[in-house]
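Trainee: Here you go, this is protein-v4.txt (compact mmCIF, C-alpha atoms and all ligand atoms).
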# COMPACT_ATOMS: atom_id res chain seq x y z
CA MET A 1 8.02 28.98 2.33
CA LYS A 2 9.61 25.67 3.27
CA LYS A 3 10.97 23.82 0.22
CA LEU A 4 8.29 21.65 -1.39
CA GLN A 5 8.92 17.93 -1.53
CA MET A 6 6.79 15.00 -2.63
CA VAL A 7 7.60 13.44 0.75
CA ASP A 8 9.36 15.35 3.55
CA LEU A 9 11.00 12.70 5.71
CA LYS A 10 13.65 15.05 7.04
CA SER A 11 11.24 17.41 8.81
CA GLN A 12 9.38 14.42 10.20
CA TYR A 13 12.62 12.91 11.50
CA GLU A 14 13.62 16.17 13.24
CA LYS A 15 10.52 15.85 15.45
CA ILE A 16 11.16 12.25 16.54
CA LYS A 17 14.94 12.30 16.39
CA GLU A 18 15.48 11.38 20.04
CA GLU A 19 13.21 8.32 19.98
CA VAL A 20 14.60 7.07 16.69
CA ASN A 21 18.23 7.66 17.62
CA ALA A 22 17.75 5.90 20.96
CA SER A 23 16.32 2.85 19.18
CA ILE A 24 19.21 2.71 16.72
CA GLN A 25 21.71 3.20 19.54
CA GLU A 26 20.12 0.30 21.41
CA VAL A 27 20.80 -1.98 18.44
CA LEU A 28 24.42 -0.81 18.29
CA ASP A 29 24.91 -1.17 22.05
CA THR A 30 23.43 -4.64 22.19
CA ASN A 31 24.98 -5.96 18.96
CA THR A 32 21.68 -7.47 17.90
CA TYR A 33 21.53 -6.62 14.23
CA ILE A 34 19.40 -9.52 13.03
CA ASN A 35 16.36 -10.90 14.86
CA GLY A 36 17.13 -8.70 17.85
CA PRO A 37 14.67 -7.92 20.64
CA LEU A 38 13.50 -4.77 18.83
CA VAL A 39 12.19 -6.88 15.96
CA HIS A 40 10.05 -8.89 18.38
CA GLN A 41 8.94 -5.79 20.27
CA PHE A 42 7.90 -4.04 17.08
CA GLN A 43 6.09 -7.15 15.90
CA ALA A 44 4.12 -7.32 19.16
CA ASP A 45 3.36 -3.58 19.09
CA LEU A 46 2.07 -3.82 15.53
CA GLU A 47 -0.07 -6.90 16.31
CA LYS A 48 -1.67 -4.93 19.11
CA TYR A 49 -2.16 -1.80 17.03
CA LEU A 50 -3.78 -3.69 14.16
CA GLY A 51 -5.73 -6.13 16.28
CA VAL A 52 -4.32 -9.05 14.32
CA LYS A 53 -3.00 -12.33 15.74
CA HIS A 54 0.19 -12.56 13.72
CA VAL A 55 2.59 -10.06 12.20
CA ILE A 56 5.57 -11.66 10.46
CA PRO A 57 8.21 -9.06 9.61
CA CYS A 58 10.20 -9.47 6.41
CA ALA A 59 12.59 -7.60 4.15
CA ASN A 60 10.22 -5.52 1.98
CA GLY A 61 6.67 -5.29 0.74
CA THR A 62 7.29 -7.20 -2.47
CA ASP A 63 8.70 -10.12 -0.47
CA ALA A 64 5.73 -9.87 1.86
CA LEU A 65 3.34 -10.38 -1.07
CA GLN A 66 5.40 -13.22 -2.47
CA ILE A 67 5.73 -14.99 0.86
CA ALA A 68 2.03 -14.58 1.61
CA MET A 69 1.28 -16.32 -1.69
CA MET A 70 3.92 -19.01 -1.06
CA GLY A 71 2.22 -19.75 2.25
CA LEU A 72 -1.10 -20.50 0.58
CA ASP A 73 -1.56 -23.73 -1.23
CA LEU A 74 -1.28 -22.30 -4.75
CA LYS A 75 0.01 -24.30 -7.73
CA PRO A 76 1.55 -23.14 -11.02
CA GLY A 77 -1.22 -22.18 -13.40
CA ASP A 78 -3.65 -21.19 -10.66
CA GLU A 79 -5.25 -17.88 -11.51
CA VAL A 80 -4.93 -14.87 -9.22
CA ILE A 81 -7.12 -11.86 -9.86
CA THR A 82 -5.76 -8.39 -9.17
CA ALA A 83 -6.19 -4.78 -10.25
CA ASP A 84 -4.86 -3.42 -13.54
CA PHE A 85 -4.21 -0.07 -11.87
CA THR A 86 -1.58 -0.61 -9.17
CA PHE A 87 2.17 -0.74 -8.63
CA ALA A 88 3.82 -3.60 -10.56
CA ALA A 89 4.98 -5.42 -7.42
CA THR A 90 1.48 -6.78 -6.94
CA VAL A 91 1.40 -8.61 -10.25
CA GLU A 92 5.14 -9.32 -10.42
CA VAL A 93 5.11 -11.80 -7.55
CA ILE A 94 2.10 -13.62 -8.98
CA ALA A 95 3.99 -14.15 -12.23
CA LEU A 96 7.25 -15.03 -10.45
CA LEU A 97 5.51 -17.87 -8.62
CA GLN A 98 4.26 -19.17 -11.98
CA LEU A 99 0.71 -18.40 -11.03
CA THR A 100 -1.37 -16.73 -13.72
CA PRO A 101 -2.14 -13.07 -13.05
CA VAL A 102 -5.58 -12.03 -14.22
CA LEU A 103 -5.84 -8.25 -14.35
CA VAL A 104 -9.20 -6.57 -14.04
CA ASP A 105 -10.33 -2.98 -14.30
CA VAL A 106 -10.88 -0.65 -11.35
CA ASP A 107 -13.83 1.52 -10.27
CA MET A 108 -13.86 5.15 -11.27
CA ASN A 109 -15.15 6.36 -7.90
CA ASN A 110 -12.45 4.86 -5.68
CA MET A 111 -9.78 3.58 -8.11
CA ASN A 112 -9.90 0.18 -6.38
CA ILE A 113 -10.53 -3.19 -8.00
CA SER A 114 -13.88 -3.48 -9.73
CA LEU A 115 -16.28 -5.99 -8.16
CA ASP A 116 -17.89 -6.63 -11.53
CA GLY A 117 -14.43 -7.12 -12.98
CA ILE A 118 -13.65 -9.75 -10.33
CA ARG A 119 -16.94 -11.59 -10.90
CA LYS A 120 -16.41 -11.71 -14.67
CA ALA A 121 -12.81 -12.91 -14.33
CA ILE A 122 -13.53 -15.92 -12.12
CA THR A 123 -12.94 -19.29 -13.79
CA PRO A 124 -12.59 -22.81 -12.36
CA LYS A 125 -8.83 -22.09 -12.12
CA THR A 126 -9.20 -18.97 -9.96
CA LYS A 127 -7.68 -19.45 -6.52
CA ALA A 128 -7.16 -15.98 -5.07
CA ILE A 129 -8.02 -12.30 -5.25
CA VAL A 130 -5.49 -9.59 -4.42
CA PRO A 131 -7.24 -6.30 -3.65
CA VAL A 132 -4.92 -3.31 -3.34
CA HIS A 133 -6.00 -0.53 -0.98
CA LEU A 134 -4.81 1.97 -3.55
CA PHE A 135 -3.41 5.33 -2.46
CA GLY A 136 -4.52 4.56 1.11
CA ARG A 137 -8.21 3.94 0.49
CA ALA A 138 -9.78 0.73 1.73
CA ALA A 139 -11.15 -1.51 -1.01
CA ASN A 140 -14.70 -2.83 -0.64
CA MET A 141 -13.76 -5.74 1.60
CA ASP A 142 -17.32 -6.85 2.50
CA ALA A 143 -18.11 -7.52 -1.14
CA ILE A 144 -14.68 -8.99 -1.93
CA MET A 145 -14.88 -11.41 1.01
CA GLU A 146 -18.39 -12.38 -0.05
CA ILE A 147 -17.26 -13.18 -3.60
CA ALA A 148 -14.31 -15.11 -2.16
CA ARG A 149 -16.55 -17.16 0.13
CA GLU A 150 -18.93 -17.93 -2.70
CA HIS A 151 -16.12 -19.23 -4.93
CA ASN A 152 -13.82 -20.61 -2.24
CA LEU A 153 -10.97 -18.18 -2.99
CA TYR A 154 -8.19 -16.75 -0.85
CA VAL A 155 -8.02 -13.00 -0.33
CA ILE A 156 -4.54 -11.50 -0.07
CA GLU A 157 -4.69 -7.80 0.79
CA ASP A 158 -1.96 -5.63 -0.66
CA ASN A 159 -1.83 -3.17 2.20
CA ALA A 160 1.40 -1.43 1.23
CA GLN A 161 -0.36 1.93 0.92
CA ALA A 162 -3.03 1.87 3.61
CA ILE A 163 -1.57 0.88 6.97
CA GLY A 164 -3.69 2.33 9.76
CA ALA A 165 -6.84 2.76 7.65
CA ASP A 166 -10.11 1.42 9.08
CA TYR A 167 -12.67 -0.56 7.17
CA THR A 168 -16.22 -0.32 8.42
CA SER A 169 -18.35 -3.35 7.52
CA LYS A 170 -22.03 -3.28 6.64
CA ASP A 171 -22.79 -4.46 10.18
CA GLY A 172 -20.98 -1.40 11.57
CA SER A 173 -17.94 -3.26 12.92
CA LYS A 174 -14.57 -1.66 12.30
CA LYS A 175 -11.33 -3.42 11.43
CA LYS A 176 -7.93 -2.25 10.33
CA VAL A 177 -7.35 -2.93 6.65
CA GLY A 178 -4.92 -5.78 6.25
CA THR A 179 -6.69 -7.84 8.91
CA ILE A 180 -9.79 -8.79 6.92
CA GLY A 181 -8.54 -11.11 4.17
CA HIS A 182 -6.86 -14.47 4.79
CA VAL A 183 -3.48 -12.78 4.71
CA ALA A 184 -2.07 -9.32 3.96
CA ALA A 185 1.22 -7.78 2.94
CA THR A 186 2.57 -4.37 3.79
CA SER A 187 5.67 -2.33 3.01
CA PHE A 188 7.73 -0.11 5.28
CA PHE A 189 9.49 1.62 2.37
CA PRO A 190 10.53 5.07 3.68
CA SER A 191 7.75 7.00 1.92
CA LYS A 192 4.94 4.66 2.98
CA ASN A 193 2.57 5.79 5.75
CA LEU A 194 4.63 3.81 8.25
CA GLY A 195 8.12 3.88 6.77
CA CYS A 196 11.52 2.85 8.04
CA TYR A 197 14.90 4.21 6.90
CA GLY A 198 15.65 1.46 4.42
CA ASP A 199 13.63 -1.50 3.25
CA GLY A 200 11.12 -3.40 5.34
CA GLY A 201 7.84 -5.23 5.11
CA ALA A 202 5.47 -7.54 6.95
CA ILE A 203 2.79 -10.15 6.50
CA PHE A 204 -0.36 -10.17 8.65
CA THR A 205 -2.75 -13.02 9.30
CA ASN A 206 -5.22 -14.26 11.91
CA ASP A 207 -4.66 -17.87 10.79
CA ASP A 208 -2.34 -19.70 13.24
CA LYS A 209 -1.47 -22.46 10.81
CA LEU A 210 -0.68 -20.08 7.96
CA ALA A 211 1.40 -17.89 10.31
CA HIS A 212 3.47 -20.91 11.28
CA ILE A 213 4.04 -21.88 7.64
CA ILE A 214 5.04 -18.30 6.75
CA ARG A 215 7.45 -17.98 9.69
CA GLY A 216 9.32 -20.94 8.25
CA ILE A 217 9.25 -19.64 4.68
CA VAL A 218 10.87 -16.31 5.60
CA ASN A 219 13.67 -18.26 7.24
CA HIS A 220 14.84 -20.67 4.50
CA GLY A 221 11.92 -23.02 5.04
CA MET A 222 13.26 -23.95 8.48
CA TYR A 223 10.94 -24.90 11.32
CA GLU A 224 13.70 -26.60 13.23
CA ARG A 225 17.28 -25.50 12.85
CA TYR A 226 18.89 -26.98 9.71
CA HIS A 227 15.75 -28.93 8.85
CA HIS A 228 14.39 -27.48 5.62
CA ASP A 229 10.81 -28.69 5.24
CA VAL A 230 9.77 -26.40 2.41
CA VAL A 231 11.59 -24.21 -0.10
CA GLY A 232 11.86 -20.85 1.61
CA VAL A 233 13.57 -17.52 1.16
CA ASN A 234 15.75 -15.28 3.27
CA SER A 235 13.64 -12.27 4.07
CA ARG A 236 14.31 -10.42 7.32
CA LEU A 237 13.46 -7.06 8.79
CA ASP A 238 16.74 -6.00 10.36
CA SER A 239 16.86 -4.75 13.94
CA MET A 240 17.71 -1.15 13.07
CA GLN A 241 14.70 -0.85 10.80
CA ALA A 242 12.56 -2.49 13.46
CA GLY A 243 13.89 0.07 15.94
CA VAL A 244 12.93 2.94 13.65
CA LEU A 245 9.48 1.43 13.13
CA LYS A 246 8.95 0.81 16.84
CA ALA A 247 9.72 4.49 17.46
CA LYS A 248 7.41 5.63 14.65
CA LEU A 249 4.42 3.33 15.23
CA PRO A 250 3.04 5.37 18.17
CA HIS A 251 2.88 8.34 15.78
CA LEU A 252 1.10 6.52 12.96
CA ASP A 253 -2.41 7.73 13.81
CA THR A 254 -1.18 11.31 14.11
CA TYR A 255 0.66 10.94 10.80
CA ASN A 256 -2.44 9.60 9.06
CA LYS A 257 -4.50 12.46 10.54
CA ALA A 258 -1.98 14.96 9.18
CA ARG A 259 -2.33 13.39 5.74
CA GLN A 260 -6.13 13.53 5.98
CA ASP A 261 -5.99 17.19 7.07
CA ALA A 262 -3.79 18.08 4.11
CA ALA A 263 -6.08 16.12 1.78
CA ARG A 264 -9.13 17.95 3.15
CA LYS A 265 -7.52 21.33 2.45
CA TYR A 266 -6.50 20.25 -1.04
CA SER A 267 -9.97 18.94 -1.86
CA LEU A 268 -11.74 22.01 -0.47
CA ALA A 269 -9.71 24.25 -2.76
CA LEU A 270 -9.61 22.02 -5.84
CA GLY A 271 -12.96 20.23 -5.73
CA VAL A 272 -14.90 23.35 -6.78
CA ASN A 273 -13.22 23.45 -10.19
CA PRO A 274 -15.32 21.56 -12.76
CA ASN A 275 -12.18 20.39 -14.57
CA ILE A 276 -10.84 18.65 -11.48
CA TRP A 277 -12.02 15.50 -9.76
CA ALA A 278 -10.76 15.64 -6.18
CA PRO A 279 -11.18 12.84 -3.61
CA THR A 280 -13.92 13.33 -1.04
CA ILE A 281 -12.85 13.20 2.58
CA CYS A 282 -14.84 10.91 4.81
CA GLU A 283 -15.46 12.84 8.04
CA SER A 284 -16.86 9.95 10.04
CA CYS A 285 -14.22 7.27 9.49
CA ASP A 286 -10.63 6.60 8.52
CA CYS A 287 -11.28 4.60 5.36
CA HIS A 288 -8.68 6.64 3.46
CA VAL A 289 -5.23 7.44 4.88
CA PHE A 290 -3.92 9.23 1.78
CA HIS A 291 -0.68 7.49 1.02
CA GLN A 292 -1.01 9.57 -2.13
CA TYR A 293 -3.25 12.52 -2.86
CA VAL A 294 -4.38 11.89 -6.43
CA ILE A 295 -6.66 14.13 -8.44
CA ARG A 296 -7.97 13.72 -11.98
CA ILE A 297 -7.70 16.47 -14.57
CA LEU A 298 -10.80 16.17 -16.73
CA ASN A 299 -10.07 18.66 -19.51
CA GLY A 300 -7.09 16.96 -21.12
CA LYS A 301 -4.56 19.33 -19.52
CA ARG A 302 -2.92 16.80 -17.18
CA ASP A 303 0.46 16.65 -18.93
CA GLY A 304 0.56 20.43 -19.25
CA LEU A 305 -0.23 20.76 -15.55
CA LEU A 306 2.61 18.41 -14.65
CA GLU A 307 5.06 20.65 -16.53
CA HIS A 308 3.52 23.82 -15.10
CA LEU A 309 3.84 22.59 -11.52
CA GLN A 310 7.36 21.29 -12.00
CA ALA A 311 8.42 24.63 -13.50
CA LYS A 312 7.15 26.29 -10.31
CA GLY A 313 9.18 23.94 -8.12
CA ILE A 314 6.21 21.83 -7.11
CA PRO A 315 7.06 18.14 -7.24
CA CYS A 316 4.27 15.94 -8.56
CA ALA A 317 4.02 12.51 -10.14
CA ILE A 318 1.87 10.22 -12.24
CA TYR A 319 0.80 7.09 -10.39
CA TYR A 320 0.54 5.12 -12.60
CA PRO A 321 1.25 6.16 -16.21
CA ILE A 322 0.80 2.77 -17.92
CA PRO A 323 -1.84 0.13 -17.16
CA LEU A 324 -0.32 -3.18 -16.11
CA HIS A 325 -2.13 -5.02 -18.93
CA SER A 326 -0.19 -2.84 -21.41
CA GLN A 327 3.20 -3.57 -19.86
CA LYS A 328 5.40 -5.88 -21.94
CA ALA A 329 5.99 -8.20 -19.01
CA TYR A 330 2.29 -8.66 -18.24
CA ALA A 331 0.59 -8.41 -21.63
CA ASP A 332 -1.59 -11.42 -22.36
CA ALA A 333 -3.61 -12.34 -25.45
CA ARG A 334 -6.64 -12.85 -23.25
CA TYR A 335 -6.86 -9.12 -22.48
CA ASN A 336 -9.08 -6.88 -24.51
CA GLU A 337 -8.75 -3.07 -24.38
CA ALA A 338 -12.51 -2.82 -23.99
CA ASP A 339 -12.19 -4.58 -20.62
CA PHE A 340 -10.15 -1.74 -19.12
CA PRO A 341 -12.00 1.51 -19.87
CA VAL A 342 -11.44 2.98 -16.40
CA THR A 343 -7.72 2.24 -16.07
CA ASN A 344 -7.15 3.43 -19.64
CA GLN A 345 -8.83 6.72 -18.75
CA LEU A 346 -7.18 7.11 -15.32
CA VAL A 347 -3.64 6.81 -16.66
CA LYS A 348 -4.34 9.92 -18.77
CA GLU A 349 -6.05 11.95 -16.03
CA VAL A 350 -4.35 11.27 -12.70
CA ILE A 351 -1.73 13.42 -11.04
CA ALA A 352 -0.40 13.07 -7.50
CA LEU A 353 0.40 16.20 -5.51
CA PRO A 354 2.89 16.38 -2.62
CA MET A 355 1.54 14.34 0.30
CA HIS A 356 3.27 13.77 3.62
CA THR A 357 2.91 14.52 7.31
CA GLU A 358 4.64 17.90 7.31
CA LEU A 359 2.69 19.97 4.76
CA ASP A 360 1.74 23.43 6.05
CA ASP A 361 -1.06 25.77 4.99
CA GLU A 362 1.25 28.08 3.07
CA GLN A 363 2.55 25.19 0.98
CA ILE A 364 -0.92 23.81 0.34
CA LYS A 365 -2.21 27.21 -0.73
CA PHE A 366 0.71 27.72 -3.10
CA ILE A 367 0.13 24.27 -4.62
CA THR A 368 -3.65 24.62 -5.01
CA ASP A 369 -3.35 28.17 -6.42
CA SER A 370 -0.78 26.90 -8.90
CA VAL A 371 -3.06 24.04 -9.99
CA LEU A 372 -6.11 26.29 -10.31
CA GLU A 373 -4.34 29.01 -12.31
CA PHE A 374 -3.45 26.42 -14.97
CA VAL A 375 -6.50 24.14 -15.05
C1 LIG B 401 5.29 -0.08 -2.25
C2 LIG B 401 4.35 -1.10 -2.77
C3 LIG B 401 4.69 -2.46 -2.83
C4 LIG B 401 6.09 -2.98 -2.62
O1 LIG B 401 6.72 -2.62 -1.47
P1 LIG B 401 8.34 -2.62 -1.41
O2 LIG B 401 8.62 -2.52 0.04
O3 LIG B 401 8.81 -1.44 -2.18
O4 LIG B 401 8.81 -3.91 -1.98
C5 LIG B 401 3.72 -3.36 -3.21
N1 LIG B 401 2.48 -2.96 -3.54
C6 LIG B 401 2.12 -1.67 -3.53
C7 LIG B 401 0.73 -1.30 -3.90
C8 LIG B 401 3.05 -0.70 -3.16
O5 LIG B 401 2.68 0.59 -3.15
Could you write out this structure as structure tokens?
Mentor:
Amino acid sequence: MKKLQMVDLKSQYEKIKEEVNASIQEVLDTNTYINGPLVHQFQADLEKYLGVKHVIPCANGTDALQIAMMGLDLKPGDEVITADFTFAATVEVIALLQLTPVLVDVDMNNMNISLDGIRKAITPKTKAIVPVHLFGRAANMDAIMEIAREHNLYVIEDNAQAIGADYTSKDGSKKKVGTIGHVAATSFFPSKNLGCYGDGGAIFTNDDKLAHIIRGIVNHGMYERYHHDVVGVNSRLDSMQAGVLKAKLPHLDTYNKARQDAARKYSLALGVNPNIWAPTICESCDCHVFHQYVIRILNGKRDGLLEHLQAKGIPCAIYYPIPLHSQKAYADARYNEADFPVTNQLVKEVIALPMHTELDDEQIKFITDSVLEFV
């Protein structure tokens, strides 16, 4: 059996080596390391793929979130609502900008931000909601946009884990996640569904004015050379990473399908066990692109399972072991444990199994057998 890895980027690279190497060689041959033609080509390709008017590449996904928020008219003390159960980057940038993060619980059935939680957290100071499409599954954007419209709030999608996923609205129309809110941020970290070979990120928006503001912010607040109209940052996607991404983008749908296929096989094997909650696979849409394949162990044996799998050479991980509201950096007297029953339960039950584009049946069977024999 091929060696098990949480993410197997090497096998994936072997299959697209020629395209990727040619892109990197082009950067070397043309000496266009920063803002080269490949950056613009990738940007245009991604705009077309997503069906969004503007993609603004930047240095990483955390920057993308920060810059998206800088582009909106938010003032220190404004409240921004986001999920308690996510990667810290989401809340970190809110705090860095001296906005007030307001963490709310998530839903048990999809692990995404709770609509009730959002409604209860809204105050006159609330200015924005940041839904995270966690583990690759689209959040309930119809309802979130409706709440936002009602209360005049911005919606900033954290799309670091769900690039390529579709969201189907109540009216049947389909959109790529990350193109529904006012603005979205994504990450091209190597292990993400569309990953480069270093750091990278991008901001998406359909708003021409906001896109213009953001293009200046990523470039030191410059709209005209050496005229600094706003305080900006230096956040660039370099040409080599853009070259890698341009070569990989045409494979994204195939990659996401491979993840869904692996997830289906996992869930078929694991879902029958009453001690395991396994994600359901939607057969009629692409609302979940399985950045991570996360199951819940319902009989208190999660930590034992982690050790059992690791002892058998099966990499696995806990995303995420500590709720954000319990982290020293983000604790706040306003939070009450009783407001986070779902996150508090999830952190004890979740375990992520290997998930990438190169998993084969033999590996999946070994992993599911190993889980079942212990649970
Ligand atoms: C990866 C990730 C980020 C940050 O992306 P980087 O490129 O690592 O800065 C932000 N939010 C979520 C949910 C992520 O998974």
Trainee: Using all atoms listed in the file, which protein or nucleic acid residues are at most 6 Å from ligand LIG 401 (chain B), as a count of residues only?
Mentor: 15
Trainee: Skip Ala352 in chain A itself and residues of its chain fewer than 3 positions away, then list as a count of residues only all residues within 10 Å of it, counting all atoms listed in the file.
Mentor: 15
Trainee: Please report the interatomic distance between CA of Asn35 in chain A and CA of Ser239 in chain A in Å with one decimal.
Mentor: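 The value is 6.2 Å.
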Trainee: Choose the residue, out of A:Ser235, A:Asn109, A:Asn275, A:Thr179, that has the smallest atom-to-atom separation from Asn219 in chain A; count all atoms listed in the file.
Mentor: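 Result for the nearest residue to Asn219 in chain A: A:Ser235.
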Trainee: For a test of reading the model, state the distance in Å between CA of Pro321 in chain A and CA of Asn344 in chain A, rounded to one decimal.
Mentor: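 These two atoms are separated by 9.5 Å.
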Trainee: Within 8 Å of Val7 in chain A, counting all atoms listed in the file, which residues show up once you throw out same-chain ones fewer than 2 positions away? Write them as number ranges by chain, please.
Mentor: A: 5, 9, 191, 354-356
Trainee: Return the single residue from A:Val347, A:Leu309, A:Ile364, A:Met240 that is closest to Pro37 in chain A, with distances computed using only C-alpha atoms.
Mentor: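 Of A:Val347, A:Leu309, A:Ile364, A:Met240, the one nearest Pro37 in chain A, counting only C-alpha atoms, is A:Met240.
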Trainee: Could you pull the residues within 7 Å of range 165-167 of chain A, counting only C-alpha atoms, minus those fewer than 6 positions along the same chain, as a list in words?
Mentor: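 The filter keeps Ala138, Lys174, Lys175, Lys176, Val177, Asp286, Cys287, His288 and Val289 of chain A.
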Trainee: Would you export the selected residues with C-alpha atoms as a PDB file, in the coordinates of the input, please?
Mentor:
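again39.pdb, freshly written:
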ATOM      1  CA  ALA A 138      -9.780   0.730   1.730  1.00  0.00           C
ATOM      2  CA  LYS A 174     -14.570  -1.660  12.300  1.00  0.00           C
ATOM      3  CA  LYS A 175     -11.330  -3.420  11.430  1.00  0.00           C
ATOM      4  CA  LYS A 176      -7.930  -2.250  10.330  1.00  0.00           C
ATOM      5  CA  VAL A 177      -7.350  -2.930   6.650  1.00  0.00           C
ATOM      6  CA  ASP A 286     -10.630   6.600   8.520  1.00  0.00           C
ATOM      7  CA  CYS A 287     -11.280   4.600   5.360  1.00  0.00           C
ATOM      8  CA  HIS A 288      -8.680   6.640   3.460  1.00  0.00           C
ATOM      9  CA  VAL A 289      -5.230   7.440   4.880  1.00  0.00           C
TER      10      VAL A 289
END
Trainee: Within 10 Å of Asn299 in chain A, counting all atoms listed in the file, which residues qualify if same-chain residues fewer than 4 places away don't, as a list in words?
Mentor: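 Counting all atoms listed in the file, the residues come to Pro274, Asn275, Ile276, Glu349 and Val375 of chain A.
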Trainee: What does the distance between CA of Glu47 in chain A and CA of Glu150 in chain A come to in Å, to one decimal place?
Mentor: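 Result for CA of Glu47 in chain A versus CA of Glu150 in chain A: 29.0 Å, one decimal.
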Trainee: Select, from A:Val52, A:Leu74, A:Ile67, A:Ala139, the residue with the minimum atom-to-atom distance to Val93 in chain A, counting all atoms listed in the file.
Mentor: A:Ile67
Trainee: Go through A:Ile180, A:Met222, A:His54, A:Ala338 and flag the residue nearest Asp208 in chain A, using only C-alpha atoms for the distances.
Mentor: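 Once distances to Asp208 in chain A are computed over only C-alpha atoms, the minimum belongs to A:His54.
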Trainee: Will you model N, CA and C atoms for range 195-207 of chain A and pass it back as a compact mmCIF listing (two decimals), in the frame of the given file?
Mentor:
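Result went into selection09.txt, see below:
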# COMPACT_ATOMS: atom_id res chain seq x y z
N GLY A 195 6.91 4.20 7.53
CA GLY A 195 8.12 3.88 6.77
C GLY A 195 9.33 3.80 7.66
N CYS A 196 10.26 2.91 7.31
CA CYS A 196 11.52 2.85 8.04
C CYS A 196 12.57 3.64 7.25
N TYR A 197 13.84 3.47 7.59
CA TYR A 197 14.90 4.21 6.90
C TYR A 197 15.75 3.27 6.05
N GLY A 198 15.04 2.44 5.31
CA GLY A 198 15.65 1.46 4.42
C GLY A 198 14.50 0.65 3.89
N ASP A 199 14.71 -0.64 3.69
CA ASP A 199 13.63 -1.50 3.25
C ASP A 199 13.04 -2.28 4.42
N GLY A 200 11.78 -2.57 4.32
CA GLY A 200 11.12 -3.40 5.34
C GLY A 200 9.73 -3.77 4.87
N GLY A 201 9.19 -4.82 5.46
CA GLY A 201 7.84 -5.23 5.11
C GLY A 201 7.30 -6.18 6.15
N ALA A 202 6.05 -6.57 6.01
CA ALA A 202 5.47 -7.54 6.95
C ALA A 202 4.25 -8.19 6.34
N ILE A 203 3.96 -9.37 6.89
CA ILE A 203 2.79 -10.15 6.50
C ILE A 203 1.89 -10.20 7.74
N PHE A 204 0.59 -10.07 7.53
CA PHE A 204 -0.36 -10.17 8.65
C PHE A 204 -1.32 -11.33 8.39
N THR A 205 -1.67 -12.04 9.43
CA THR A 205 -2.75 -13.02 9.30
C THR A 205 -3.33 -13.36 10.67
N ASN A 206 -4.59 -13.77 10.67
CA ASN A 206 -5.22 -14.26 11.91
C ASN A 206 -5.21 -15.78 11.97
N ASP A 207 -4.63 -16.41 10.92
CA ASP A 207 -4.66 -17.87 10.79
C ASP A 207 -3.37 -18.45 11.41
